[in-house]
$ cat upload.cif   # mmCIF, C-alpha atoms and all ligand atoms
data_data
loop_
_atom_site.group_PDB
_atom_site.id
_atom_site.type_symbol
_atom_site.label_atom_id
_atom_site.label_comp_id
_atom_site.auth_asym_id
_atom_site.auth_seq_id
_atom_site.Cartn_x
_atom_site.Cartn_y
_atom_site.Cartn_z
ATOM 1 C CA MET A 244 5.735 -16.499 17.636
ATOM 2 C CA SER A 245 6.881 -13.753 15.380
ATOM 3 C CA ASN A 246 6.812 -10.194 16.633
ATOM 4 C CA ASN A 247 8.788 -7.919 14.331
ATOM 5 C CA SER A 248 7.612 -4.307 14.534
ATOM 6 C CA LYS A 249 6.829 -2.252 11.453
ATOM 7 C CA GLN A 250 9.805 0.032 12.164
ATOM 8 C CA PHE A 251 12.099 -2.965 12.424
ATOM 9 C CA ILE A 252 10.820 -4.440 9.149
ATOM 10 C CA GLU A 253 11.250 -1.066 7.426
ATOM 11 C CA LYS A 254 14.856 -0.824 8.640
ATOM 12 C CA GLU A 255 15.655 -4.430 7.731
ATOM 13 C CA ALA A 256 14.342 -4.060 4.169
ATOM 14 C CA PHE A 257 16.224 -0.794 3.673
ATOM 15 C CA GLN A 258 19.492 -2.280 4.940
ATOM 16 C CA ILE A 259 19.203 -5.017 2.328
ATOM 17 C CA ARG A 260 18.605 -2.345 -0.334
ATOM 18 C CA GLN A 261 21.745 -0.530 0.838
ATOM 19 C CA ALA A 262 23.906 -3.624 1.249
ATOM 20 C CA TYR A 263 23.385 -4.600 -2.406
ATOM 21 C CA ASP A 264 23.274 -1.036 -3.688
ATOM 22 C CA PHE A 265 19.682 -0.917 -4.939
ATOM 23 C CA THR A 266 19.260 2.859 -4.935
ATOM 24 C CA ASN A 267 16.825 3.211 -7.871
ATOM 25 C CA PRO A 268 13.123 3.248 -7.049
ATOM 26 C CA GLU A 269 12.595 -0.051 -8.902
ATOM 27 C CA ILE A 270 14.492 -2.922 -7.307
ATOM 28 C CA ASP A 271 15.603 -5.826 -9.522
ATOM 29 C CA LEU A 272 14.445 -8.803 -7.446
ATOM 30 C CA PHE A 273 16.120 -11.370 -9.698
ATOM 31 C CA LYS A 274 19.424 -9.573 -9.202
ATOM 32 C CA LEU A 275 18.882 -9.622 -5.440
ATOM 33 C CA GLY A 276 18.280 -13.368 -5.750
ATOM 34 C CA GLN A 277 21.574 -13.777 -7.639
ATOM 35 C CA GLU A 278 23.466 -11.698 -5.071
ATOM 36 C CA ILE A 279 22.386 -13.884 -2.176
ATOM 37 C CA GLY A 280 22.240 -17.156 -4.081
ATOM 38 C CA ILE A 281 18.500 -17.724 -4.186
ATOM 39 C CA ASP A 282 17.091 -19.139 -7.362
ATOM 40 C CA ILE A 283 13.758 -17.577 -8.411
ATOM 41 C CA GLN A 284 11.512 -19.718 -10.568
ATOM 42 C CA THR A 285 7.971 -19.713 -11.855
ATOM 43 C CA GLN A 286 5.398 -21.904 -13.478
ATOM 44 C CA SER A 287 2.483 -20.470 -15.349
ATOM 45 C CA GLN A 288 0.006 -23.264 -14.648
ATOM 46 C CA GLN A 289 -3.574 -22.497 -13.860
ATOM 47 C CA SER A 290 -4.129 -20.830 -10.539
ATOM 48 C CA HIS A 291 -4.014 -23.166 -7.551
ATOM 49 C CA GLY A 292 -4.457 -20.472 -4.936
ATOM 50 C CA ILE A 293 -0.725 -20.055 -4.268
ATOM 51 C CA SER A 294 0.972 -16.696 -4.888
ATOM 52 C CA GLY A 295 4.466 -17.922 -4.071
ATOM 53 C CA ALA A 296 6.634 -20.190 -1.969
ATOM 54 C CA LEU A 297 9.961 -20.336 -0.171
ATOM 55 C CA ILE A 298 11.564 -23.750 -0.421
ATOM 56 C CA ARG A 299 14.598 -24.982 1.452
ATOM 57 C CA SER A 300 16.739 -28.009 0.825
ATOM 58 C CA GLY A 301 19.739 -28.181 3.115
ATOM 59 C CA ASN A 302 21.323 -24.758 2.985
ATOM 60 C CA ASP A 303 19.875 -23.918 -0.401
ATOM 61 C CA PHE A 304 16.811 -21.737 -0.773
ATOM 62 C CA MET A 305 14.541 -21.240 -3.739
ATOM 63 C CA ILE A 306 11.700 -18.841 -4.357
ATOM 64 C CA TYR A 307 8.780 -19.909 -6.463
ATOM 65 C CA TYR A 308 6.187 -17.447 -7.701
ATOM 66 C CA SER A 309 2.975 -17.998 -9.582
ATOM 67 C CA SER A 310 2.608 -16.351 -12.965
ATOM 68 C CA SER A 311 -0.946 -17.570 -13.508
ATOM 69 C CA VAL A 312 -1.911 -13.972 -12.838
ATOM 70 C CA ASN A 313 -0.343 -12.150 -15.770
ATOM 71 C CA ASN A 314 0.558 -9.025 -13.843
ATOM 72 C CA ILE A 315 4.207 -8.131 -13.219
ATOM 73 C CA PRO A 316 3.625 -5.842 -10.194
ATOM 74 C CA TYR A 317 1.561 -8.603 -8.553
ATOM 75 C CA GLN A 318 4.330 -11.143 -9.236
ATOM 76 C CA ARG A 319 6.951 -8.759 -7.852
ATOM 77 C CA PHE A 320 4.933 -8.350 -4.645
ATOM 78 C CA SER A 321 4.760 -12.147 -4.294
ATOM 79 C CA ILE A 322 8.526 -12.574 -4.796
ATOM 80 C CA ALA A 323 9.368 -9.784 -2.330
ATOM 81 C CA HIS A 324 6.950 -11.405 0.167
ATOM 82 C CA GLU A 325 8.970 -14.644 -0.008
ATOM 83 C CA PHE A 326 12.189 -12.669 0.519
ATOM 84 C CA GLY A 327 10.517 -11.436 3.702
ATOM 85 C CA HIS A 328 10.179 -15.018 4.957
ATOM 86 C CA TYR A 329 13.865 -15.526 4.153
ATOM 87 C CA PHE A 330 15.217 -12.363 5.783
ATOM 88 C CA LEU A 331 12.956 -11.682 8.765
ATOM 89 C CA PRO A 332 14.012 -13.041 12.166
ATOM 90 C CA GLU A 333 11.913 -16.001 13.379
ATOM 91 C CA HIS A 334 10.527 -16.707 9.919
ATOM 92 C CA PRO A 335 12.738 -19.427 8.371
ATOM 93 C CA GLU A 336 12.880 -21.616 11.488
ATOM 94 C CA ASN A 337 9.156 -21.381 12.087
ATOM 95 C CA ILE A 338 7.571 -21.493 8.670
ATOM 96 C CA LEU A 339 9.997 -23.888 6.980
ATOM 97 C CA LYS A 340 9.542 -26.803 9.331
ATOM 98 C CA ASN A 341 8.612 -29.054 6.437
ATOM 99 C CA GLY A 342 11.162 -27.498 4.099
ATOM 100 C CA ALA A 343 8.651 -25.349 2.254
ATOM 101 C CA HIS A 344 6.261 -22.501 2.918
ATOM 102 C CA PHE A 345 3.398 -21.736 0.563
ATOM 103 C CA SER A 346 1.788 -18.303 0.571
ATOM 104 C CA SER A 347 -1.871 -18.307 -0.364
ATOM 105 C CA ALA A 348 -3.284 -15.794 -2.777
ATOM 106 C CA GLY A 349 -6.334 -13.566 -2.544
ATOM 107 C CA ALA A 350 -9.295 -14.689 -0.483
ATOM 108 C CA LYS A 351 -7.583 -17.914 0.629
ATOM 109 C CA ARG A 352 -5.012 -15.897 2.514
ATOM 110 C CA ASN A 353 -5.248 -15.845 6.279
ATOM 111 C CA ALA A 354 -5.012 -12.099 6.831
ATOM 112 C CA LYS A 355 -4.440 -12.525 10.552
ATOM 113 C CA ASP A 356 -1.403 -14.810 10.298
ATOM 114 C CA PRO A 357 1.437 -12.677 11.723
ATOM 115 C CA TYR A 358 4.051 -14.283 9.444
ATOM 116 C CA GLU A 359 2.007 -13.406 6.371
ATOM 117 C CA LYS A 360 1.354 -9.878 7.582
ATOM 118 C CA GLU A 361 5.022 -9.294 8.328
ATOM 119 C CA ALA A 362 6.116 -10.718 4.973
ATOM 120 C CA ASP A 363 3.581 -8.464 3.224
ATOM 121 C CA TYR A 364 4.924 -5.418 5.031
ATOM 122 C CA PHE A 365 8.489 -6.448 4.258
ATOM 123 C CA SER A 366 7.472 -6.718 0.606
ATOM 124 C CA THR A 367 6.004 -3.194 0.707
ATOM 125 C CA CYS A 368 9.188 -1.809 2.308
ATOM 126 C CA LEU A 369 11.588 -3.634 -0.013
ATOM 127 C CA LEU A 370 9.682 -2.536 -3.126
ATOM 128 C CA MET A 371 8.882 0.999 -1.879
ATOM 129 C CA PRO A 372 11.381 2.036 0.815
ATOM 130 C CA LYS A 373 10.187 4.979 2.896
ATOM 131 C CA SER A 374 13.080 7.336 2.148
ATOM 132 C CA ILE A 375 13.105 6.776 -1.624
ATOM 133 C CA PHE A 376 9.295 6.897 -1.805
ATOM 134 C CA GLU A 377 9.136 10.157 0.160
ATOM 135 C CA ASN A 378 11.781 11.603 -2.108
ATOM 136 C CA GLU A 379 9.612 10.938 -5.158
ATOM 137 C CA MET A 380 6.044 11.375 -3.918
ATOM 138 C CA TYR A 381 5.934 15.167 -3.666
ATOM 139 C CA LYS A 382 7.147 15.623 -7.236
ATOM 140 C CA PHE A 383 3.579 14.946 -8.416
ATOM 141 C CA ASN A 384 0.137 16.395 -7.792
ATOM 142 C CA ASP A 385 -1.570 14.800 -4.788
ATOM 143 C CA GLY A 386 -3.893 11.879 -5.381
ATOM 144 C CA MET A 387 -4.173 9.547 -8.341
ATOM 145 C CA GLU A 388 -1.564 11.397 -10.400
ATOM 146 C CA ALA A 389 1.057 10.752 -7.717
ATOM 147 C CA ILE A 390 -0.093 7.153 -7.144
ATOM 148 C CA LYS A 391 0.039 6.275 -10.861
ATOM 149 C CA ALA A 392 3.438 7.894 -11.327
ATOM 150 C CA LEU A 393 4.853 6.160 -8.251
ATOM 151 C CA ALA A 394 3.445 2.780 -9.342
ATOM 152 C CA ASN A 395 5.310 3.275 -12.639
ATOM 153 C CA LEU A 396 8.548 4.302 -10.965
ATOM 154 C CA PHE A 397 8.607 1.448 -8.455
ATOM 155 C CA ASN A 398 6.923 -1.117 -10.756
ATOM 156 C CA THR A 399 4.319 -1.864 -8.111
ATOM 157 C CA SER A 400 0.564 -2.391 -8.296
ATOM 158 C CA LEU A 401 -1.783 0.593 -8.076
ATOM 159 C CA THR A 402 -3.366 -0.863 -4.935
ATOM 160 C CA ALA A 403 -0.086 -1.496 -3.057
ATOM 161 C CA THR A 404 1.222 1.911 -4.156
ATOM 162 C CA ALA A 405 -1.974 3.700 -3.077
ATOM 163 C CA ILE A 406 -1.807 2.093 0.388
ATOM 164 C CA ARG A 407 1.862 3.058 0.756
ATOM 165 C CA TYR A 408 1.067 6.576 -0.463
ATOM 166 C CA ILE A 409 -1.589 7.073 2.219
ATOM 167 C CA GLU A 410 0.736 5.589 4.842
ATOM 168 C CA LEU A 411 3.543 8.050 4.064
ATOM 169 C CA SER A 412 1.844 11.194 2.742
ATOM 170 C CA ASP A 413 1.693 14.397 4.782
ATOM 171 C CA SER A 414 -1.165 15.702 2.614
ATOM 172 C CA PRO A 415 -4.870 15.369 3.466
ATOM 173 C CA ALA A 416 -5.822 12.216 1.539
ATOM 174 C CA MET A 417 -7.923 9.076 1.815
ATOM 175 C CA LEU A 418 -8.174 5.777 -0.042
ATOM 176 C CA ILE A 419 -11.237 3.537 -0.181
ATOM 177 C CA ILE A 420 -10.879 0.063 -1.653
ATOM 178 C CA SER A 421 -14.179 -1.552 -2.587
ATOM 179 C CA SER A 422 -15.484 -4.530 -4.501
ATOM 180 C CA ASN A 423 -18.933 -5.916 -5.251
ATOM 181 C CA GLY A 424 -20.552 -2.813 -3.784
ATOM 182 C CA LEU A 425 -18.901 -3.187 -0.380
ATOM 183 C CA VAL A 426 -16.054 -1.279 1.226
ATOM 184 C CA ASP A 427 -13.064 -3.601 1.757
ATOM 185 C CA ALA A 428 -10.750 -1.124 3.448
ATOM 186 C CA VAL A 429 -10.368 2.573 4.244
ATOM 187 C CA PHE A 430 -7.035 4.323 4.730
ATOM 188 C CA SER A 431 -6.549 7.991 5.576
ATOM 189 C CA THR A 432 -3.671 10.297 6.416
ATOM 190 C CA ARG A 433 -3.315 11.960 9.814
ATOM 191 C CA GLU A 434 -3.671 15.346 8.115
ATOM 192 C CA LEU A 435 -7.104 14.374 6.773
ATOM 193 C CA ARG A 436 -8.308 12.843 10.058
ATOM 194 C CA LYS A 437 -7.960 16.280 11.679
ATOM 195 C CA PHE A 438 -11.217 17.148 9.867
ATOM 196 C CA GLY A 439 -13.203 14.255 11.344
ATOM 197 C CA ASP A 440 -13.977 10.581 10.736
ATOM 198 C CA CYS A 441 -14.668 8.761 7.542
ATOM 199 C CA ARG A 442 -18.371 7.975 7.114
ATOM 200 C CA TYR A 443 -17.595 4.533 5.695
ATOM 201 C CA THR A 444 -15.809 1.564 7.233
ATOM 202 C CA LYS A 445 -15.036 -1.993 6.202
ATOM 203 C CA ASN A 446 -18.173 -3.772 4.955
ATOM 204 C CA SER A 447 -20.193 -0.548 4.600
ATOM 205 C CA THR A 448 -22.198 -0.358 1.412
ATOM 206 C CA PHE A 449 -20.089 1.544 -1.071
ATOM 207 C CA PRO A 450 -21.916 4.679 -2.228
ATOM 208 C CA GLN A 451 -22.340 4.256 -5.968
ATOM 209 C CA LYS A 452 -21.590 7.842 -6.800
ATOM 210 C CA ASN A 453 -19.629 6.949 -9.863
ATOM 211 C CA ILE A 454 -20.267 5.090 -13.007
ATOM 212 C CA ILE A 455 -17.880 2.215 -12.534
ATOM 213 C CA SER A 456 -15.209 2.716 -15.118
ATOM 214 C CA THR A 457 -11.808 1.317 -15.899
ATOM 215 C CA GLU A 458 -10.914 4.834 -17.004
ATOM 216 C CA LEU A 459 -9.999 7.237 -14.270
ATOM 217 C CA SER A 460 -13.031 9.304 -13.258
ATOM 218 C CA LYS A 461 -12.508 12.616 -11.508
ATOM 219 C CA LYS A 462 -14.929 15.019 -9.889
ATOM 220 C CA GLU A 463 -15.134 17.888 -7.466
ATOM 221 C CA ILE A 464 -17.010 17.058 -4.296
ATOM 222 C CA TYR A 465 -17.336 18.227 -0.716
ATOM 223 C CA LEU A 466 -15.307 16.444 1.908
ATOM 224 C CA SER A 467 -18.557 15.971 3.858
ATOM 225 C CA ASP A 468 -19.670 13.431 1.198
ATOM 226 C CA TRP A 469 -17.110 11.058 2.687
ATOM 227 C CA PHE A 470 -16.254 12.559 6.026
ATOM 228 C CA ASN A 471 -18.164 13.593 9.135
ATOM 229 C CA THR A 472 -17.007 17.185 9.246
ATOM 230 C CA ASN A 473 -18.602 20.536 9.996
ATOM 231 C CA TYR A 474 -16.494 22.366 7.478
ATOM 232 C CA ASN A 475 -17.498 23.023 3.877
ATOM 233 C CA ILE A 476 -14.380 21.875 2.170
ATOM 234 C CA LYS A 477 -13.957 21.274 -1.517
ATOM 235 C CA ALA A 478 -12.219 18.045 -2.389
ATOM 236 C CA LEU A 479 -11.344 15.934 -5.394
ATOM 237 C CA GLU A 480 -12.712 12.404 -5.821
ATOM 238 C CA GLU A 481 -10.853 10.121 -8.220
ATOM 239 C CA SER A 482 -11.922 6.545 -8.940
ATOM 240 C CA ILE A 483 -10.620 3.720 -11.038
ATOM 241 C CA THR A 484 -11.828 0.136 -11.354
ATOM 242 C CA LEU A 485 -9.167 -2.503 -11.838
ATOM 243 C CA GLY A 486 -10.626 -4.851 -14.406
ATOM 244 C CA SER A 487 -8.915 -8.100 -13.463
ATOM 245 C CA TYR A 488 -10.070 -8.025 -9.832
ATOM 246 C CA GLU A 489 -13.230 -5.936 -10.163
ATOM 247 C CA LYS A 490 -11.864 -3.826 -7.399
ATOM 248 C CA THR A 491 -12.384 -0.062 -7.236
ATOM 249 C CA LEU A 492 -9.862 2.375 -5.801
ATOM 250 C CA THR A 493 -11.254 5.743 -4.762
ATOM 251 C CA VAL A 494 -8.895 8.492 -3.679
ATOM 252 C CA ILE A 495 -10.060 11.688 -1.987
ATOM 253 C CA THR A 496 -7.722 14.654 -1.672
ATOM 254 C CA THR A 497 -8.121 18.272 -0.723
ATOM 255 C CA SER A 498 -5.803 21.226 -0.969
ATOM 256 C CA THR A 499 -7.271 22.681 2.225
ATOM 257 C CA ILE A 500 -5.024 22.276 5.247
ATOM 258 C CA TYR A 501 -6.831 21.883 8.572
ATOM 259 C CA ASP A 502 -4.457 24.059 10.600
ATOM 260 C CA GLU A 503 -4.916 26.927 8.135
ATOM 261 C CA ILE A 504 -8.714 27.016 8.412
ATOM 262 C CA GLU A 505 -8.435 26.652 12.199
ATOM 263 C CA GLU A 506 -6.227 29.739 12.273
ATOM 264 C CA GLU A 507 -8.646 31.704 10.095
ATOM 265 C CA THR A 508 -11.574 30.798 12.345
ATOM 266 C CA ASN A 509 -9.607 31.894 15.376
ATOM 267 C CA ASP A 510 -8.704 35.189 13.697
ATOM 268 C CA GLU A 511 -12.383 35.964 13.174
ATOM 269 C CA ILE A 512 -13.331 35.613 16.805
ATOM 270 C CA TRP A 513 -10.242 37.336 18.082
ATOM 271 C CA GLU A 514 -10.812 40.954 19.059
ATOM 272 C CA PRO A 515 -8.047 43.394 19.804
ATOM 273 C CA PRO A 516 -7.821 44.297 23.451
ATOM 274 C CA SER A 517 -9.070 47.756 24.223
ATOM 275 C CA PHE A 518 -7.427 49.998 26.760
ATOM 276 C CA LYS A 519 -9.720 52.684 27.929
HETATM 277 ZN ZN ZN C 601 3.911 -16.192 3.004
#
$ encode --input "upload.cif" --output "structure tokens"
Amino acid sequence: MSNNSKQFIEKEAFQIRQAYDFTNPEIDLFKLGQEIGIDIQTQSQQSHGISGALIRSGNDFMIYYSSSVNNIPYQRFSIAHEFGHYFLPEHPENILKNGAHFSSAGAKRNAKDPYEKEADYFSTCLLMPKSIFENEMYKFNDGMEAIKALANLFNTSLTATAIRYIELSDSPAMLIISSNGLVDAVFSTRELRKFGDCRYTKNSTFPQKNIISTELSKKEIYLSDWFNTNYNIKALEESITLGSYEKTLTVITTSTIYDEIEEETNDEIWEPPSFK
């Protein structure tokens, strides 16, 4: 049974970055393959539900990735996922019993399989290492501007970048991923959760506040539209629908910092002591 912690996976992926001197935001995965002697190949046949595979014959390893989805960031995530199965402790001996491991794509994927989850997180960390990501993320305005710019820099998908952004950001921000009118996932930063709880969870009906558009839509809202909070806080709602998957990303940000409004409220009720 595999039990690598997130911190361990983060460290492992970063050590590989350092060992082969990949200091730019965008890592060249084919070069990493060359460095360690793993051949990376593809076939562009029609989708068969496989995103990639790690194949072993004797001491030789090969990574296969599907290019039936014509999307480079998606392919890069699949390749980096297979590197995870190669590098992470417990993976090769357990998943390569028959000489090959196939990673399923999309809905066919078993989201609870710990090997798949760990390889996905390894992929995230190898493509977007914490320290390099944090170095870049505050150079941009919070929200979709930062996410788009980071996705460009790291050559990663908008979805994977948005999730990583919410994981690492110190700003009040939230991401809602939805498809077919239902919420698939909600992610929020600790700074935003100080205000309250999100009103929507997985499988909630997605509030159709926006005209679904593949162009970025932006509007000013109140945080209480999305959050159970007693404060009247202005926020920005940005949405974009990704055509190929009919998936909508909605990002909520606010420039209001919870601790600042808490202080103000306390100032109001504070009265100077009187000495009579
Ligand atoms: Zn896998």
$ resolve_selection --input "upload.cif" --expression "the PyMOL selection byres (((chain A and resi 344) around 10) and not hetatm)" --output "list in words"
Gly295, Ala296, Leu297, Ile298, Arg299, Ile306, Glu325, His328, Pro335, Asn337, Ile338, Leu339, Lys340, Asn341, Gly342, Ala343, Phe345, Ser346 and Ser347 of chain A
$ resolve_selection --input "upload.cif" --expression "the PyMOL selection byres (((chain A and resi 311) around 12) and not hetatm)" --output "ChimeraX atom specification"
/A:285-295,308-310,312-315,317-318,348
$ write_last_selection --input "upload.cif" --atoms "C-alpha atoms" --output "PDB file, in the frame of the given file"
ATOM      1  CA  THR A 285       7.971 -19.713 -11.855  1.00  0.00           C
ATOM      2  CA  GLN A 286       5.398 -21.904 -13.478  1.00  0.00           C
ATOM      3  CA  SER A 287       2.483 -20.470 -15.349  1.00  0.00           C
ATOM      4  CA  GLN A 288       0.006 -23.264 -14.648  1.00  0.00           C
ATOM      5  CA  GLN A 289      -3.574 -22.497 -13.860  1.00  0.00           C
ATOM      6  CA  SER A 290      -4.129 -20.830 -10.539  1.00  0.00           C
ATOM      7  CA  HIS A 291      -4.014 -23.166  -7.551  1.00  0.00           C
ATOM      8  CA  GLY A 292      -4.457 -20.472  -4.936  1.00  0.00           C
ATOM      9  CA  ILE A 293      -0.725 -20.055  -4.268  1.00  0.00           C
ATOM     10  CA  SER A 294       0.972 -16.696  -4.888  1.00  0.00           C
ATOM     11  CA  GLY A 295       4.466 -17.922  -4.071  1.00  0.00           C
ATOM     12  CA  TYR A 308       6.187 -17.447  -7.701  1.00  0.00           C
ATOM     13  CA  SER A 309       2.975 -17.998  -9.582  1.00  0.00           C
ATOM     14  CA  SER A 310       2.608 -16.351 -12.965  1.00  0.00           C
ATOM     15  CA  VAL A 312      -1.911 -13.972 -12.838  1.00  0.00           C
ATOM     16  CA  ASN A 313      -0.343 -12.150 -15.770  1.00  0.00           C
ATOM     17  CA  ASN A 314       0.558  -9.025 -13.843  1.00  0.00           C
ATOM     18  CA  ILE A 315       4.207  -8.131 -13.219  1.00  0.00           C
ATOM     19  CA  TYR A 317       1.561  -8.603  -8.553  1.00  0.00           C
ATOM     20  CA  GLN A 318       4.330 -11.143  -9.236  1.00  0.00           C
ATOM     21  CA  ALA A 348      -3.284 -15.794  -2.777  1.00  0.00           C
TER      22      ALA A 348
END
$ resolve_selection --input "upload.cif" --expression "the PyMOL selection byres (((chain A and resi 393-397) around 8) and not hetatm)" --output "list in words"
Pro268, Glu269, Ile270, Leu370, Met371, Phe376, Glu379, Met380, Ala389, Ile390, Lys391, Ala392, Asn398, Thr399, Ser400, Leu401 and Thr404 of chain A
$ atom_distance --input "upload.cif" --atom1 "CA of Lys373 (chain A)" --atom2 "CA of Gly327 (chain A)"
16.4 Å
$ atom_distance --input "upload.cif" --atom1 "CA of Thr367 (chain A)" --atom2 "CA of His324 (chain A)"
8.3 Å
$ residues_around --input "upload.cif" --residues "region 484-494 of chain A" --least-positions-apart "6" --cutoff "8 Å" --atoms "all atoms listed in the file" --output "number ranges by chain"
A: 386-387, 402, 416-423, 455-459
$ closest_residue --input "upload.cif" --among "A:Thr266, A:Ser414, A:Ser498, A:Ser321" --to "ligand ZN 601 (chain C)" --atoms "all atoms listed in the file"
A:Ser321
$ closest_residue --input "upload.cif" --among "A:Ser467, A:Asn475, A:Ser366, A:Asn384" --to "ligand ZN 601 (chain C)" --atoms "all atoms listed in the file"
A:Ser366
